[in-house]
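As stored in final-v6.cif (mmCIF, C-alpha atoms):
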```
data_my_file
#
loop_
_atom_site.group_PDB
_atom_site.id
_atom_site.type_symbol
_atom_site.label_atom_id
_atom_site.label_comp_id
_atom_site.auth_asym_id
_atom_site.auth_seq_id
_atom_site.Cartn_x
_atom_site.Cartn_y
_atom_site.Cartn_z
ATOM 1 C CA ASN A 1 -7.226 18.224 -11.016
ATOM 2 C CA GLU A 2 -6.043 18.856 -14.575
ATOM 3 C CA ILE A 3 -2.388 18.514 -15.553
ATOM 4 C CA ASP A 4 -0.689 21.762 -16.590
ATOM 5 C CA LEU A 5 1.325 20.625 -19.633
ATOM 6 C CA ARG A 6 3.492 23.749 -19.595
ATOM 7 C CA ALA A 7 4.498 23.092 -15.987
ATOM 8 C CA GLU A 8 5.095 19.398 -16.737
ATOM 9 C CA PHE A 9 7.240 20.310 -19.766
ATOM 10 C CA ASP A 10 9.320 22.715 -17.645
ATOM 11 C CA GLU A 11 9.749 20.070 -14.958
ATOM 12 C CA ILE A 12 10.944 17.439 -17.445
ATOM 13 C CA VAL A 13 13.119 19.622 -19.692
ATOM 14 C CA TYR A 14 14.356 22.300 -17.270
ATOM 15 C CA GLY A 15 14.158 20.393 -13.984
ATOM 16 C CA THR A 16 11.936 22.911 -12.235
ATOM 17 C CA GLY A 17 10.582 21.786 -8.898
ATOM 18 C CA GLY A 18 13.851 20.084 -7.972
ATOM 19 C CA GLY A 19 13.821 17.442 -10.698
ATOM 20 C CA ILE A 20 16.711 16.477 -12.931
ATOM 21 C CA PRO A 21 16.629 18.477 -16.184
ATOM 22 C CA HIS A 22 16.405 16.239 -19.257
ATOM 23 C CA GLY A 23 16.937 18.988 -21.827
ATOM 24 C CA LYS A 24 20.187 19.999 -23.452
ATOM 25 C CA LYS A 25 21.533 23.287 -24.685
ATOM 26 C CA VAL A 26 21.248 23.958 -28.396
ATOM 27 C CA ILE A 27 21.580 27.075 -30.484
ATOM 28 C CA ILE A 28 18.782 28.498 -32.588
ATOM 29 C CA ARG A 29 20.124 30.209 -35.703
ATOM 30 C CA LYS A 30 17.580 32.895 -36.559
ATOM 31 C CA PHE A 31 17.932 34.383 -40.006
ATOM 32 C CA ARG A 32 17.559 38.129 -40.268
ATOM 33 C CA VAL A 33 14.709 39.528 -42.341
ATOM 34 C CA ASP A 34 14.058 42.980 -43.773
ATOM 35 C CA ASP A 35 10.888 45.061 -43.455
ATOM 36 C CA ASP A 36 9.244 43.009 -46.232
ATOM 37 C CA ASN A 37 10.037 39.746 -44.402
ATOM 38 C CA ASN A 38 12.697 38.748 -46.950
ATOM 39 C CA LEU A 39 15.941 37.159 -45.792
ATOM 40 C CA SER A 40 18.846 39.616 -45.565
ATOM 41 C CA ALA A 41 21.400 38.454 -48.131
ATOM 42 C CA CYS A 42 25.093 38.398 -47.335
ATOM 43 C CA SER A 43 27.522 40.038 -49.746
ATOM 44 C CA CYS A 44 28.975 36.588 -50.575
ATOM 45 C CA ARG A 45 25.638 35.303 -51.949
ATOM 46 C CA ASP A 46 25.905 34.328 -55.597
ATOM 47 C CA GLU A 47 23.183 36.033 -57.658
ATOM 48 C CA VAL A 48 22.759 33.059 -59.986
ATOM 49 C CA THR A 49 22.955 30.042 -57.668
ATOM 50 C CA HIS A 50 21.840 31.864 -54.485
ATOM 51 C CA GLU A 51 24.571 29.986 -52.608
ATOM 52 C CA GLY A 52 26.962 31.442 -50.085
ATOM 53 C CA ASP A 53 30.719 31.168 -49.848
ATOM 54 C CA PRO A 54 31.620 28.502 -47.244
ATOM 55 C CA ASP A 55 34.670 30.588 -46.274
ATOM 56 C CA CYS A 56 32.641 33.759 -45.637
ATOM 57 C CA PRO A 57 33.422 35.050 -42.128
ATOM 58 C CA TYR A 58 30.013 36.775 -41.878
ATOM 59 C CA CYS A 59 27.502 34.041 -42.747
ATOM 60 C CA LEU A 60 29.671 30.870 -42.735
ATOM 61 C CA GLY A 61 28.288 29.909 -46.138
ATOM 62 C CA GLU A 62 24.580 30.350 -45.349
ATOM 63 C CA ALA A 63 24.265 33.176 -47.917
ATOM 64 C CA TYR A 64 22.113 35.157 -45.482
ATOM 65 C CA PHE A 65 22.832 36.995 -42.246
ATOM 66 C CA TRP A 66 21.763 35.353 -39.012
ATOM 67 C CA ASP A 67 21.975 35.623 -35.243
ATOM 68 C CA GLU A 68 22.393 32.748 -32.817
ATOM 69 C CA ASP A 69 20.772 32.405 -29.411
ATOM 70 C CA TRP A 70 20.834 29.680 -26.754
ATOM 71 C CA ALA A 71 17.816 27.485 -26.126
ATOM 72 C CA VAL A 72 17.103 24.316 -24.175
ATOM 73 C CA ALA A 73 15.421 21.418 -25.941
ATOM 74 C CA TYR A 74 14.711 17.762 -25.480
ATOM 75 C CA SER A 75 15.592 15.765 -28.580
ATOM 76 C CA MET A 76 15.352 12.195 -29.788
ATOM 77 C CA PHE A 77 15.578 10.204 -32.984
ATOM 78 C CA VAL A 78 12.298 9.012 -34.469
ATOM 79 C CA GLY A 79 11.468 6.893 -37.488
ATOM 80 C CA SER A 80 8.808 7.038 -40.113
ATOM 81 C CA ASP A 81 7.660 3.435 -39.669
ATOM 82 C CA GLY A 82 3.902 3.656 -39.338
ATOM 83 C CA GLY A 83 3.724 7.247 -40.537
ATOM 84 C CA LEU A 84 3.041 10.393 -38.557
ATOM 85 C CA THR A 85 0.906 8.616 -35.970
ATOM 86 C CA ARG A 86 3.942 6.709 -34.679
ATOM 87 C CA ARG A 87 6.470 9.547 -34.894
ATOM 88 C CA ASN A 88 6.442 10.291 -31.153
ATOM 89 C CA ILE A 89 7.163 6.707 -30.126
ATOM 90 C CA PRO A 90 10.816 6.226 -29.098
ATOM 91 C CA PHE A 91 12.806 3.435 -30.695
ATOM 92 C CA GLN A 92 12.958 0.033 -29.059
ATOM 93 C CA PRO A 93 16.432 -1.335 -28.248
ATOM 94 C CA GLY A 94 18.177 -3.041 -31.148
ATOM 95 C CA ALA A 95 18.520 -2.004 -34.756
ATOM 96 C CA VAL A 96 17.655 1.641 -35.311
ATOM 97 C CA ARG A 97 16.613 3.048 -38.663
ATOM 98 C CA VAL A 98 16.885 6.785 -38.247
ATOM 99 C CA ASP A 99 14.858 9.045 -40.488
ATOM 100 C CA SER A 100 14.166 12.086 -38.350
ATOM 101 C CA LYS A 101 15.183 13.861 -35.204
ATOM 102 C CA VAL A 102 12.642 15.786 -33.197
ATOM 103 C CA PHE A 103 13.433 18.710 -30.915
ATOM 104 C CA TYR A 104 10.883 19.724 -28.276
ATOM 105 C CA PHE A 105 10.889 23.387 -27.259
ATOM 106 C CA ARG A 106 9.033 25.408 -24.659
ATOM 107 C CA TYR A 107 5.791 27.059 -25.792
ATOM 108 C CA ASP A 108 7.305 30.561 -25.890
ATOM 109 C CA THR A 109 10.230 29.648 -28.165
ATOM 110 C CA ASP A 110 10.214 31.788 -31.292
ATOM 111 C CA PHE A 111 10.956 29.420 -34.172
ATOM 112 C CA ALA A 112 10.360 29.679 -37.940
ATOM 113 C CA TYR A 113 10.937 27.430 -40.952
ATOM 114 C CA THR A 114 13.839 29.653 -42.023
ATOM 115 C CA ASP A 115 15.645 29.050 -38.709
ATOM 116 C CA LYS A 116 18.050 26.218 -37.967
ATOM 117 C CA ILE A 117 18.975 24.193 -34.901
ATOM 118 C CA VAL A 118 22.669 23.908 -34.119
ATOM 119 C CA GLU A 119 23.846 21.122 -31.847
ATOM 120 C CA ILE A 120 27.058 21.916 -30.020
ATOM 121 C CA LYS A 121 29.603 19.652 -28.442
ATOM 122 C CA LEU A 122 28.804 18.901 -24.806
ATOM 123 C CA ASP A 123 31.071 17.445 -22.149
ATOM 124 C CA THR A 124 30.153 14.307 -20.196
ATOM 125 C CA GLU A 125 28.108 16.380 -17.733
ATOM 126 C CA GLY A 126 26.062 18.069 -20.484
ATOM 127 C CA ASP A 127 27.803 21.450 -20.367
ATOM 128 C CA PRO A 128 28.958 23.135 -23.591
ATOM 129 C CA VAL A 129 32.632 22.615 -24.369
ATOM 130 C CA VAL A 130 34.464 25.955 -24.532
ATOM 131 C CA PRO A 131 35.415 27.143 -27.075
ATOM 132 C CA TYR A 132 32.049 26.221 -28.553
ATOM 133 C CA ILE A 133 32.114 23.611 -31.292
ATOM 134 C CA ARG A 134 29.176 23.239 -33.680
ATOM 135 C CA GLN A 135 28.566 19.524 -34.327
ATOM 136 C CA ALA A 136 25.425 19.387 -36.458
ATOM 137 C CA ILE A 137 23.062 21.857 -38.078
ATOM 138 C CA TYR A 138 19.429 20.908 -38.699
ATOM 139 C CA LYS A 139 16.779 22.650 -40.759
ATOM 140 C CA PRO A 140 13.148 22.077 -39.833
ATOM 141 C CA GLU A 141 10.878 19.949 -41.980
ATOM 142 C CA SER A 142 7.791 20.274 -39.777
ATOM 143 C CA ILE A 143 6.998 22.562 -36.872
ATOM 144 C CA VAL A 144 4.107 21.202 -34.832
ATOM 145 C CA GLU A 145 2.355 23.315 -32.223
ATOM 146 C CA TYR A 146 0.952 21.043 -29.538
ATOM 147 C CA ARG A 147 -2.117 22.661 -28.012
ATOM 148 C CA SER A 148 -4.483 21.826 -25.186
ATOM 149 C CA ASP A 149 -6.617 23.672 -22.617
ATOM 150 C CA TYR A 150 -8.891 25.669 -24.933
ATOM 151 C CA GLY A 151 -6.248 25.796 -27.662
ATOM 152 C CA ARG A 152 -3.410 27.129 -25.485
ATOM 153 C CA LEU A 153 0.029 26.405 -26.958
ATOM 154 C CA GLU A 154 1.743 23.903 -24.636
ATOM 155 C CA TYR A 155 5.029 23.120 -26.462
ATOM 156 C CA LEU A 156 6.604 22.945 -29.926
ATOM 157 C CA ALA A 157 8.001 19.942 -31.764
ATOM 158 C CA VAL A 158 10.449 20.618 -34.589
ATOM 159 C CA TYR A 159 10.996 17.622 -36.867
ATOM 160 C CA CYS A 160 14.214 17.558 -38.888
ATOM 161 C CA ARG A 161 15.454 15.011 -41.424
ATOM 162 C CA GLU A 162 18.578 13.368 -40.058
ATOM 163 C CA ASN A 163 20.092 12.755 -43.496
ATOM 164 C CA ASP A 164 19.842 16.496 -44.262
ATOM 165 C CA ALA A 165 21.822 17.436 -41.147
ATOM 166 C CA ILE A 166 25.095 19.173 -41.816
ATOM 167 C CA ARG A 167 27.838 17.325 -39.955
ATOM 168 C CA LEU A 168 30.906 19.441 -39.386
ATOM 169 C CA ASP A 169 34.301 17.742 -39.496
ATOM 170 C CA LEU A 170 36.342 19.360 -36.753
#
```
Starting from the file, give its structure as structure tokens.
Amino acid sequence: NEIDLRAEFDEIVYGTGGGIPHGKKVIIRKFRVDDDNNLSACSCRDEVTHEGDPDCPYCLGEAYFWDEDWAVAYSMFVGSDGGLTRRNIPFQPGAVRVDSKVFYFRYDTDFAYTDKIVEIKLDTEGDPVVPYIRQAIYKPESIVEYRSDYGRLEYLAVYCRENDAIRLDL
């Protein structure tokens, strides 16, 4: 009679079992690492400042090489009022003070602190607009593994600071 949180997550986010999917497509930008687990630097990376060239066609100013892959996540804005214990409580209608955005991912999503989440422009039906347009890029502040059932990983929550998001003017 126990609830399978993985199955419930899939039903809510992906719409398995005939439900309406509540997730949206995002891109995970995974940074490449070498055999020693160091980030693979792009040729545009400045040796002194460690910054990349924003006009670089290879890394788009990240200073390191990366690959992008599609993922589905459920996201919402959360505030810090009340600390970490209240972070998962959605905002009430009215004035919203936004501090963080949380992205929920399936348990088998490979995500690291060096990775980034890229939100893309979606049409009114939730499908990506083609050609793809990157709207915001988030870096993780906290990655929380939610576990249950003898420690089994059920889903991931990636907390990002909203004011650190890179908003692209297109």
Contact residues around stretch 44-53 of chain A with all atoms listed in the file at 6 Å, ignoring same-chain residues under 6 positions, as a list in words
Gly61, Glu62 and Ala63 of chain A
Residues from last step as file, C-alpha atoms, as a PDB file, in the frame of the given file:
```pdb
ATOM      1  CA  GLY A  61      28.288  29.909 -46.138  1.00  0.00           C
ATOM      2  CA  GLU A  62      24.580  30.350 -45.349  1.00  0.00           C
ATOM      3  CA  ALA A  63      24.265  33.176 -47.917  1.00  0.00           C
TER       4      ALA A  63
END
```
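Considering the residues A:Gly19, A:Pro57, A:Pro131, A:Pro140 and counting all atoms listed in the file, A:Cys42 has its shortest atom-to-atom contact with A:Pro57.
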From the list A:Asp69, A:Lys24, A:Arg29, A:Asp34, which residue is nearest A:Asp123 when using all atoms listed in the file?
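Of the candidates, the smallest distance to A:Asp123 is held by A:Lys24.
Between A:Trp70 and the candidates A:Asn38, A:Ser43, A:Thr109, A:Thr124, the tightest atom-to-atom separation, counting all atoms listed in the file, involves A:Thr109.
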For a quick check of understanding, using all atoms listed in the file, which of A:Pro54, A:Ala71, A:Ile143, A:Ile12 has the smallest distance to A:Tyr159?
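Residue with the minimum atom-to-atom distance to A:Tyr159: A:Ile143.
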With the file shown as input, list the residues that the PyMOL selection byres ((chain A and resi 26) around 12) selects, as a short mmCIF file (atom, residue, chain, number, x, y, z; two decimals) with C-alpha atoms, keeping the file's coordinate frame.
```
data_model
loop_
_atom_site.label_atom_id
_atom_site.label_comp_id
_atom_site.auth_asym_id
_atom_site.auth_seq_id
_atom_site.Cartn_x
_atom_site.Cartn_y
_atom_site.Cartn_z
CA GLY A 23 16.94 18.99 -21.83
CA LYS A 24 20.19 20.00 -23.45
CA LYS A 25 21.53 23.29 -24.68
CA ILE A 27 21.58 27.08 -30.48
CA ILE A 28 18.78 28.50 -32.59
CA ARG A 29 20.12 30.21 -35.70
CA GLU A 68 22.39 32.75 -32.82
CA ASP A 69 20.77 32.40 -29.41
CA TRP A 70 20.83 29.68 -26.75
CA ALA A 71 17.82 27.48 -26.13
CA VAL A 72 17.10 24.32 -24.18
CA ALA A 73 15.42 21.42 -25.94
CA TYR A 74 14.71 17.76 -25.48
CA SER A 75 15.59 15.76 -28.58
CA PHE A 103 13.43 18.71 -30.92
CA TYR A 104 10.88 19.72 -28.28
CA PHE A 105 10.89 23.39 -27.26
CA LYS A 116 18.05 26.22 -37.97
CA ILE A 117 18.98 24.19 -34.90
CA VAL A 118 22.67 23.91 -34.12
CA GLU A 119 23.85 21.12 -31.85
CA ILE A 120 27.06 21.92 -30.02
CA LYS A 121 29.60 19.65 -28.44
CA LEU A 122 28.80 18.90 -24.81
CA GLY A 126 26.06 18.07 -20.48
CA ASP A 127 27.80 21.45 -20.37
CA PRO A 128 28.96 23.14 -23.59
CA TYR A 132 32.05 26.22 -28.55
CA ILE A 133 32.11 23.61 -31.29
CA ARG A 134 29.18 23.24 -33.68
CA GLN A 135 28.57 19.52 -34.33
CA ALA A 136 25.42 19.39 -36.46
CA ILE A 137 23.06 21.86 -38.08
CA TYR A 138 19.43 20.91 -38.70
#
```
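Distances here use only C-alpha atoms; by that measure, the residue among A:Leu5, A:Met76, A:Val130, A:Leu153 closest to A:Ser100 is A:Met76.
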Distance of atom CA of A:Glu154 from atom CA of A:Asp108, expressed in Å to one decimal place
8.8 Å
Kindly give the distance, in Å, that separates atom CA of A:Glu125 and atom CA of A:Trp66, rounded to a single decimal.
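Result for atom CA of A:Glu125 versus atom CA of A:Trp66: 29.2 Å, one decimal.
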Excluding A:Tyr107 and any residue of its chain fewer than 4 positions from it, enumerate the residues within 10 Å of it, using only C-alpha atoms, and give them as a list in words.
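After dropping sequence-adjacent residues, the list is Leu5, Arg6, Phe9, Asp10, Glu145, Tyr146, Arg147, Arg152, Leu153, Glu154, Tyr155, Leu156 and Ala157 of chain A.
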Quick one: pull the distance between atom CA of A:Ala112 and atom CA of A:Val158, Å, one decimal.
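Interatomic distance, atom CA of A:Ala112 to atom CA of A:Val158: 9.7 Å.
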